[in-house]
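Shown below: query30.pdb, with PDB, C-alpha atoms, pLDDT in the B column.
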ATOM      1  CA  MET A 379      47.672 118.957 154.075  1.00 51.00           C
ATOM      2  CA  GLN A 380      46.563 121.245 156.906  1.00 56.00           C
ATOM      3  CA  THR A 381      48.222 119.084 159.576  1.00 64.00           C
ATOM      4  CA  SER A 382      51.417 118.932 157.542  1.00 64.00           C
ATOM      5  CA  ALA A 383      51.588 122.719 157.332  1.00 59.00           C
ATOM      6  CA  SER A 384      50.824 123.158 161.028  1.00 65.00           C
ATOM      7  CA  SER A 385      53.417 120.547 162.025  1.00 69.00           C
ATOM      8  CA  LYS A 386      55.956 122.313 159.812  1.00 67.00           C
ATOM      9  CA  VAL A 387      55.238 125.620 161.567  1.00 67.00           C
ATOM     10  CA  ILE A 388      55.506 123.941 164.969  1.00 76.00           C
ATOM     11  CA  ASN A 389      58.788 122.300 163.937  1.00 81.00           C
ATOM     12  CA  GLU A 390      60.186 125.648 162.770  1.00 79.00           C
ATOM     13  CA  ASN A 391      59.139 127.252 166.062  1.00 83.00           C
ATOM     14  CA  VAL A 392      60.916 124.509 168.021  1.00 88.00           C
ATOM     15  CA  ILE A 393      64.048 124.984 165.933  1.00 86.00           C
ATOM     16  CA  LEU A 394      63.949 128.753 166.446  1.00 86.00           C
ATOM     17  CA  LYS A 395      63.443 128.349 170.225  1.00 92.00           C
ATOM     18  CA  ASN A 396      66.420 126.000 170.285  1.00 93.00           C
ATOM     19  CA  TYR A 397      68.553 128.572 168.456  1.00 91.00           C
ATOM     20  CA  GLU A 398      67.344 131.262 170.845  1.00 93.00           C
ATOM     21  CA  LYS A 399      68.461 129.170 173.839  1.00 95.00           C
ATOM     22  CA  LYS A 400      71.848 128.588 172.215  1.00 94.00           C
ATOM     23  CA  VAL A 401      72.308 132.301 171.525  1.00 94.00           C
ATOM     24  CA  LYS A 402      71.392 133.252 175.099  1.00 95.00           C
ATOM     25  CA  GLU A 403      73.803 130.672 176.497  1.00 95.00           C
ATOM     26  CA  GLU A 404      76.667 131.779 174.245  1.00 94.00           C
ATOM     27  CA  VAL A 405      76.097 135.460 175.065  1.00 95.00           C
ATOM     28  CA  ARG A 406      76.015 134.585 178.772  1.00 96.00           C
ATOM     29  CA  LEU A 407      79.318 132.722 178.413  1.00 94.00           C
ATOM     30  CA  ILE A 408      80.876 135.657 176.563  1.00 94.00           C
ATOM     31  CA  ASN A 409      79.772 138.074 179.286  1.00 95.00           C
ATOM     32  CA  GLU A 410      80.969 135.778 182.043  1.00 95.00           C
ATOM     33  CA  ASN A 411      84.388 135.246 180.456  1.00 93.00           C
ATOM     34  CA  LEU A 412      84.880 138.951 179.764  1.00 93.00           C
ATOM     35  CA  PHE A 413      83.864 139.859 183.311  1.00 93.00           C
ATOM     36  CA  GLU A 414      86.241 137.301 184.821  1.00 91.00           C
ATOM     37  CA  MET A 415      89.072 138.429 182.529  1.00 90.00           C
ATOM     38  CA  LEU A 416      88.556 142.023 183.611  1.00 90.00           C
ATOM     39  CA  LYS A 417      88.567 140.943 187.265  1.00 89.00           C
ATOM     40  CA  LEU A 418      91.872 139.154 186.716  1.00 86.00           C
ATOM     41  CA  LEU A 419      93.368 142.126 184.902  1.00 84.00           C
ATOM     42  CA  LYS A 420      92.412 144.506 187.683  1.00 81.00           C
ATOM     43  CA  ILE A 421      95.521 145.663 189.493  1.00 74.00           C
ATOM     44  CA  ASP A 422      95.153 145.546 193.256  1.00 70.00           C
ATOM     45  CA  ASP A 423      97.818 146.132 195.826  1.00 62.00           C
ATOM     46  CA  SER A 424      96.441 143.750 198.397  1.00 60.00           C
ATOM     47  CA  SER A 425      98.946 141.006 198.903  1.00 52.00           C
ATOM     48  CA  LYS A 426      96.726 139.101 201.318  1.00 48.00           C
ATOM     49  CA  ILE A 427      95.401 136.957 198.437  1.00 56.00           C
ATOM     50  CA  TYR A 428      98.895 135.678 197.858  1.00 55.00           C
ATOM     51  CA  ASP A 429      99.523 135.245 201.561  1.00 55.00           C
ATOM     52  CA  ASP A 430      96.296 133.287 202.136  1.00 57.00           C
ATOM     53  CA  LEU A 431      97.158 130.776 199.439  1.00 66.00           C
ATOM     54  CA  GLY A 432     100.860 130.711 200.207  1.00 71.00           C
ATOM     55  CA  LEU A 433     101.806 131.836 196.687  1.00 74.00           C
ATOM     56  CA  ASN A 434     104.303 134.419 195.655  1.00 82.00           C
ATOM     57  CA  LYS A 435     103.460 137.090 193.073  1.00 79.00           C
ATOM     58  CA  GLY A 436     105.234 135.262 190.238  1.00 81.00           C
ATOM     59  CA  SER A 437     103.239 132.083 190.770  1.00 84.00           C
ATOM     60  CA  GLN A 438     100.002 134.028 191.020  1.00 82.00           C
ATOM     61  CA  ALA A 439     100.873 135.886 187.794  1.00 82.00           C
ATOM     62  CA  GLU A 440     101.392 132.555 185.997  1.00 87.00           C
ATOM     63  CA  ILE A 441      98.072 131.254 187.290  1.00 87.00           C
ATOM     64  CA  ASP A 442      96.334 134.479 186.212  1.00 87.00           C
ATOM     65  CA  SER A 443      97.992 134.311 182.786  1.00 89.00           C
ATOM     66  CA  PHE A 444      96.876 130.714 182.310  1.00 93.00           C
ATOM     67  CA  GLU A 445      93.305 131.563 183.378  1.00 92.00           C
ATOM     68  CA  ILE A 446      93.217 134.497 180.946  1.00 92.00           C
ATOM     69  CA  GLU A 447      94.340 132.181 178.130  1.00 94.00           C
ATOM     70  CA  ILE A 448      91.602 129.703 179.003  1.00 95.00           C
ATOM     71  CA  ARG A 449      88.941 132.407 179.235  1.00 93.00           C
ATOM     72  CA  SER A 450      90.043 133.978 175.954  1.00 94.00           C
ATOM     73  CA  SER A 451      89.842 130.587 174.231  1.00 95.00           C
ATOM     74  CA  ASN A 452      86.351 130.139 175.722  1.00 94.00           C
ATOM     75  CA  LEU A 453      85.497 133.590 174.392  1.00 94.00           C
ATOM     76  CA  VAL A 454      86.681 132.643 170.899  1.00 95.00           C
ATOM     77  CA  LYS A 455      84.755 129.369 171.078  1.00 96.00           C
ATOM     78  CA  SER A 456      81.553 131.203 172.037  1.00 94.00           C
ATOM     79  CA  THR A 457      81.915 133.780 169.266  1.00 95.00           C
ATOM     80  CA  GLU A 458      82.576 131.026 166.713  1.00 96.00           C
ATOM     81  CA  SER A 459      79.466 129.251 167.938  1.00 95.00           C
ATOM     82  CA  LEU A 460      77.466 132.466 167.500  1.00 95.00           C
ATOM     83  CA  SER A 461      78.814 132.814 163.962  1.00 96.00           C
ATOM     84  CA  LYS A 462      77.769 129.224 163.233  1.00 96.00           C
ATOM     85  CA  ILE A 463      74.281 129.937 164.599  1.00 94.00           C
ATOM     86  CA  VAL A 464      73.994 133.006 162.361  1.00 94.00           C
ATOM     87  CA  SER A 465      75.060 130.926 159.360  1.00 94.00           C
ATOM     88  CA  ASP A 466      72.550 128.195 160.242  1.00 91.00           C
ATOM     89  CA  LEU A 467      69.769 130.768 160.594  1.00 89.00           C
ATOM     90  CA  LYS A 468      70.621 132.233 157.198  1.00 88.00           C
ATOM     91  CA  ASP A 469      70.480 128.757 155.644  1.00 87.00           C
ATOM     92  CA  LEU A 470      67.206 128.022 157.430  1.00 84.00           C
ATOM     93  CA  THR A 471      65.710 131.269 156.183  1.00 82.00           C
ATOM     94  CA  ILE A 472      66.828 130.684 152.621  1.00 80.00           C
ATOM     95  CA  LEU A 473      65.696 127.060 152.497  1.00 78.00           C
ATOM     96  CA  ASN A 474      62.364 127.553 154.254  1.00 76.00           C
ATOM     97  CA  ASP A 475      61.276 130.825 152.718  1.00 76.00           C
ATOM     98  CA  PHE A 476      59.070 129.227 150.096  1.00 77.00           C
ATOM     99  CA  LYS A 477      56.577 132.096 150.011  1.00 79.00           C
ATOM    100  CA  SER A 478      59.071 134.616 148.697  1.00 78.00           C
ATOM    101  CA  ILE A 479      60.645 132.073 146.352  1.00 80.00           C
ATOM    102  CA  ASN A 480      57.215 131.170 144.963  1.00 84.00           C
ATOM    103  CA  SER A 481      56.243 134.824 144.575  1.00 86.00           C
ATOM    104  CA  GLN A 482      59.492 135.533 142.705  1.00 87.00           C
ATOM    105  CA  ILE A 483      58.913 132.561 140.417  1.00 90.00           C
ATOM    106  CA  THR A 484      55.303 133.619 139.836  1.00 92.00           C
ATOM    107  CA  SER A 485      56.256 137.196 138.995  1.00 93.00           C
ATOM    108  CA  HIS A 486      58.998 135.968 136.643  1.00 94.00           C
ATOM    109  CA  CYS A 487      56.511 133.625 134.913  1.00 94.00           C
ATOM    110  CA  GLN A 488      54.052 136.500 134.487  1.00 94.00           C
ATOM    111  CA  PHE A 489      56.818 138.660 133.030  1.00 94.00           C
ATOM    112  CA  LEU A 490      57.736 135.900 130.570  1.00 95.00           C
ATOM    113  CA  ARG A 491      54.079 135.376 129.581  1.00 94.00           C
ATOM    114  CA  MET A 492      53.688 139.089 128.870  1.00 94.00           C
ATOM    115  CA  ASN A 493      56.838 138.995 126.751  1.00 95.00           C
ATOM    116  CA  GLU A 494      55.537 135.895 124.983  1.00 95.00           C
ATOM    117  CA  ASN A 495      52.266 137.640 124.151  1.00 94.00           C
ATOM    118  CA  ASP A 496      54.077 140.754 122.899  1.00 95.00           C
ATOM    119  CA  ILE A 497      56.372 138.668 120.721  1.00 96.00           C
ATOM    120  CA  ASP A 498      53.411 136.664 119.359  1.00 95.00           C
ATOM    121  CA  ILE A 499      51.624 139.897 118.416  1.00 96.00           C
ATOM    122  CA  GLN A 500      54.746 141.262 116.716  1.00 97.00           C
ATOM    123  CA  LEU A 501      55.257 137.986 114.830  1.00 96.00           C
ATOM    124  CA  ARG A 502      51.632 138.004 113.622  1.00 97.00           C
ATOM    125  CA  MET A 503      52.023 141.591 112.432  1.00 97.00           C
ATOM    126  CA  ALA A 504      55.271 140.713 110.630  1.00 96.00           C
ATOM    127  CA  LYS A 505      53.570 137.657 109.078  1.00 96.00           C
ATOM    128  CA  ASP A 506      50.666 139.772 107.855  1.00 96.00           C
ATOM    129  CA  VAL A 507      53.013 142.380 106.377  1.00 96.00           C
ATOM    130  CA  LEU A 508      55.142 139.708 104.684  1.00 96.00           C
ATOM    131  CA  PHE A 509      52.024 137.932 103.375  1.00 96.00           C
ATOM    132  CA  LYS A 510      50.709 141.181 101.898  1.00 96.00           C
ATOM    133  CA  LEU A 511      54.108 141.988 100.344  1.00 94.00           C
ATOM    134  CA  LEU A 512      54.384 138.475  98.937  1.00 94.00           C
ATOM    135  CA  GLN A 513      50.893 138.734  97.418  1.00 94.00           C
ATOM    136  CA  ASP A 514      51.798 142.067  95.876  1.00 91.00           C
ATOM    137  CA  LEU A 515      54.992 140.567  94.449  1.00 90.00           C
ATOM    138  CA  GLN A 516      53.081 137.566  93.073  1.00 90.00           C
ATOM    139  CA  ASN A 517      50.495 139.793  91.445  1.00 90.00           C
ATOM    140  CA  GLU A 518      53.215 141.945  89.999  1.00 87.00           C
ATOM    141  CA  TYR A 519      55.080 138.900  88.710  1.00 86.00           C
ATOM    142  CA  TYR A 520      52.058 137.237  87.109  1.00 87.00           C
ATOM    143  CA  THR A 521      50.860 140.459  85.552  1.00 88.00           C
ATOM    144  CA  SER A 522      54.235 141.519  84.239  1.00 83.00           C
ATOM    145  CA  ARG A 523      55.285 140.951  80.671  1.00 81.00           C
ATOM    146  CA  TYR A 524      58.715 139.543  81.694  1.00 73.00           C
ATOM    147  CA  LYS A 525      57.340 136.313  82.966  1.00 64.00           C
TER     148      LYS A 525
END
Using structure tokens, write down the structure that the file contains.
Amino acid sequence: MQTSASSKVINENVILKNYEKKVKEEVRLINENLFEMLKLLKIDDSSKIYDDLGLNKGSQAEIDSFEIEIRSSNLVKSTESLSKIVSDLKDLTILNDFKSINSQITSHCQFLRMNENDIDIQLRMAKDVLFKLLQDLQNEYYTSRYK
């Protein structure tokens, strides 16, 4: 039992480390794509870039536009991956949080037992009152002259 619990904790730690690596990688990709998009959007007047590659400004604008589209799609992909990781972590927390689930169940059971005891006491009191009233009615009936 002890080894099972310790292996479960180790397994959860491995899973969490894996998620941590994924989050760091996705955040790095988001930063990289945003930085490169901002570099592309920066307006510079130096035309030597175009001259070195032998491109005119229109061609370079098309290339820049295409690169921005690619980087924005990478950005969307990374943010969707982060959302998926958050969802997975929520599921993992809900499914593996047995301590809080057990404590809630235990407290609810205690509440129901207290209610059960209160209801049992009230039923016994009602039974005693009804028994006494029934005895009084029987005595009255058997001692009456209208029998």
Kindly indicate which residue among A:Ile446, A:Asn391, A:Ala439, A:Glu398 lies nearest to Lys417 (chain A), using all atoms listed in the file for the distances.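 Smallest distance to Lys417 (chain A) is found for A:Ile446.
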Go through A:Glu404, A:Ser465, A:Asp422, A:Arg523 one by one, measure the shortest atom-to-atom distance of each to Lys435 (chain A) using all atoms listed in the file, and give the residue with the smallest value.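 Of the candidates, the smallest distance to Lys435 (chain A) is held by A:Asp422.
Closest approach to Asp466 (chain A) among A:Gln438, A:Asn396, A:Ser478, A:Thr521 is made by A:Asn396 (distances from only C-alpha atoms).
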Could you tell me how far CA of Arg449 (chain A) sits from CA of Glu414 (chain A), in Å to one decimal place?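 Spanning CA of Glu414 (chain A) to CA of Arg449 (chain A) is a straight-line distance of 7.9 Å.
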Once the PyMOL selection byres ((chain A and resi 456) around 9) is applied to the coordinates I shared, what remains selected? I want it as a list in words.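 Matching residues under the PyMOL selection byres ((chain A and resi 456) around 9) are Glu403, Glu404, Val405, Leu407, Ile408, Ser451, Asn452, Leu453, Val454, Lys455, Thr457, Glu458, Ser459, Leu460 and Ser461 of chain A.
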Rounded to one decimal, what separation in Å do you get between CA of Ile497 (chain A) and CA of Leu512 (chain A)?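 CA of Ile497 (chain A) sits 21.9 Å away from CA of Leu512 (chain A).
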For Ile463 (chain A), which residue out of A:His486, A:Lys395, A:Lys400, A:Lys420 is the nearest one, using all atoms listed in the file?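 That would be A:Lys400, the residue with the smallest distance to Ile463 (chain A).
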Since the input lacks some atoms of region 437-469 of chain A, please model N, CA and C atoms and print them as a compact mmCIF listing (two decimals), keeping the file's coordinate frame.
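Once written, result.txt looks like this:
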# COMPACT_ATOMS: atom_id res chain seq x y z
N SER A 437 104.12 133.25 190.96
CA SER A 437 103.24 132.08 190.77
C SER A 437 101.81 132.52 190.48
N GLN A 438 101.36 133.54 191.24
CA GLN A 438 100.00 134.03 191.02
C GLN A 438 99.86 134.64 189.63
N ALA A 439 100.91 135.31 189.14
CA ALA A 439 100.87 135.89 187.79
C ALA A 439 100.77 134.79 186.74
N GLU A 440 101.49 133.68 186.93
CA GLU A 440 101.39 132.56 186.00
C GLU A 440 99.99 131.95 186.00
N ILE A 441 99.43 131.80 187.18
CA ILE A 441 98.07 131.25 187.29
C ILE A 441 97.08 132.18 186.59
N ASP A 442 97.22 133.50 186.84
CA ASP A 442 96.33 134.48 186.21
C ASP A 442 96.49 134.46 184.69
N SER A 443 97.73 134.35 184.22
CA SER A 443 97.99 134.31 182.79
C SER A 443 97.34 133.08 182.16
N PHE A 444 97.48 131.94 182.82
CA PHE A 444 96.88 130.71 182.31
C PHE A 444 95.35 130.83 182.29
N GLU A 445 94.76 131.41 183.33
CA GLU A 445 93.30 131.56 183.38
C GLU A 445 92.82 132.51 182.29
N ILE A 446 93.59 133.57 182.02
CA ILE A 446 93.22 134.50 180.95
C ILE A 446 93.26 133.79 179.59
N GLU A 447 94.27 132.94 179.38
CA GLU A 447 94.34 132.18 178.13
C GLU A 447 93.13 131.27 177.97
N ILE A 448 92.76 130.60 179.05
CA ILE A 448 91.60 129.70 179.00
C ILE A 448 90.33 130.49 178.72
N ARG A 449 90.16 131.60 179.42
CA ARG A 449 88.94 132.41 179.24
C ARG A 449 88.89 133.02 177.83
N SER A 450 90.05 133.42 177.31
CA SER A 450 90.04 133.98 175.95
C SER A 450 89.72 132.89 174.93
N SER A 451 90.20 131.67 175.15
CA SER A 451 89.84 130.59 174.23
C SER A 451 88.35 130.26 174.35
N ASN A 452 87.80 130.33 175.56
CA ASN A 452 86.35 130.14 175.72
C ASN A 452 85.58 131.24 175.01
N LEU A 453 86.12 132.45 175.06
CA LEU A 453 85.50 133.59 174.39
C LEU A 453 85.47 133.37 172.88
N VAL A 454 86.59 132.92 172.34
CA VAL A 454 86.68 132.64 170.90
C VAL A 454 85.72 131.52 170.52
N LYS A 455 85.66 130.49 171.35
CA LYS A 455 84.76 129.37 171.08
C LYS A 455 83.30 129.84 171.05
N SER A 456 82.93 130.70 171.99
CA SER A 456 81.55 131.20 172.04
C SER A 456 81.23 132.08 170.84
N THR A 457 82.17 132.92 170.43
CA THR A 457 81.92 133.78 169.27
C THR A 457 81.84 132.95 167.98
N GLU A 458 82.67 131.91 167.87
CA GLU A 458 82.58 131.03 166.71
C GLU A 458 81.23 130.30 166.69
N SER A 459 80.77 129.90 167.85
CA SER A 459 79.47 129.25 167.94
C SER A 459 78.35 130.21 167.52
N LEU A 460 78.45 131.47 167.92
CA LEU A 460 77.47 132.47 167.50
C LEU A 460 77.51 132.66 165.99
N SER A 461 78.70 132.69 165.42
CA SER A 461 78.81 132.81 163.96
C SER A 461 78.18 131.62 163.26
N LYS A 462 78.37 130.44 163.80
CA LYS A 462 77.77 129.22 163.23
C LYS A 462 76.25 129.30 163.32
N ILE A 463 75.73 129.80 164.44
CA ILE A 463 74.28 129.94 164.60
C ILE A 463 73.73 130.92 163.57
N VAL A 464 74.43 132.03 163.36
CA VAL A 464 73.99 133.01 162.36
C VAL A 464 73.98 132.37 160.97
N SER A 465 75.00 131.61 160.65
CA SER A 465 75.06 130.93 159.36
C SER A 465 73.91 129.92 159.22
N ASP A 466 73.65 129.16 160.28
CA ASP A 466 72.55 128.20 160.24
C ASP A 466 71.21 128.89 160.06
N LEU A 467 71.03 130.02 160.73
CA LEU A 467 69.77 130.77 160.59
C LEU A 467 69.60 131.32 159.18
N LYS A 468 70.69 131.77 158.59
CA LYS A 468 70.62 132.23 157.20
C LYS A 468 70.21 131.09 156.28
N ASP A 469 70.83 129.93 156.46
CA ASP A 469 70.48 128.76 155.64
C ASP A 469 69.02 128.37 155.85
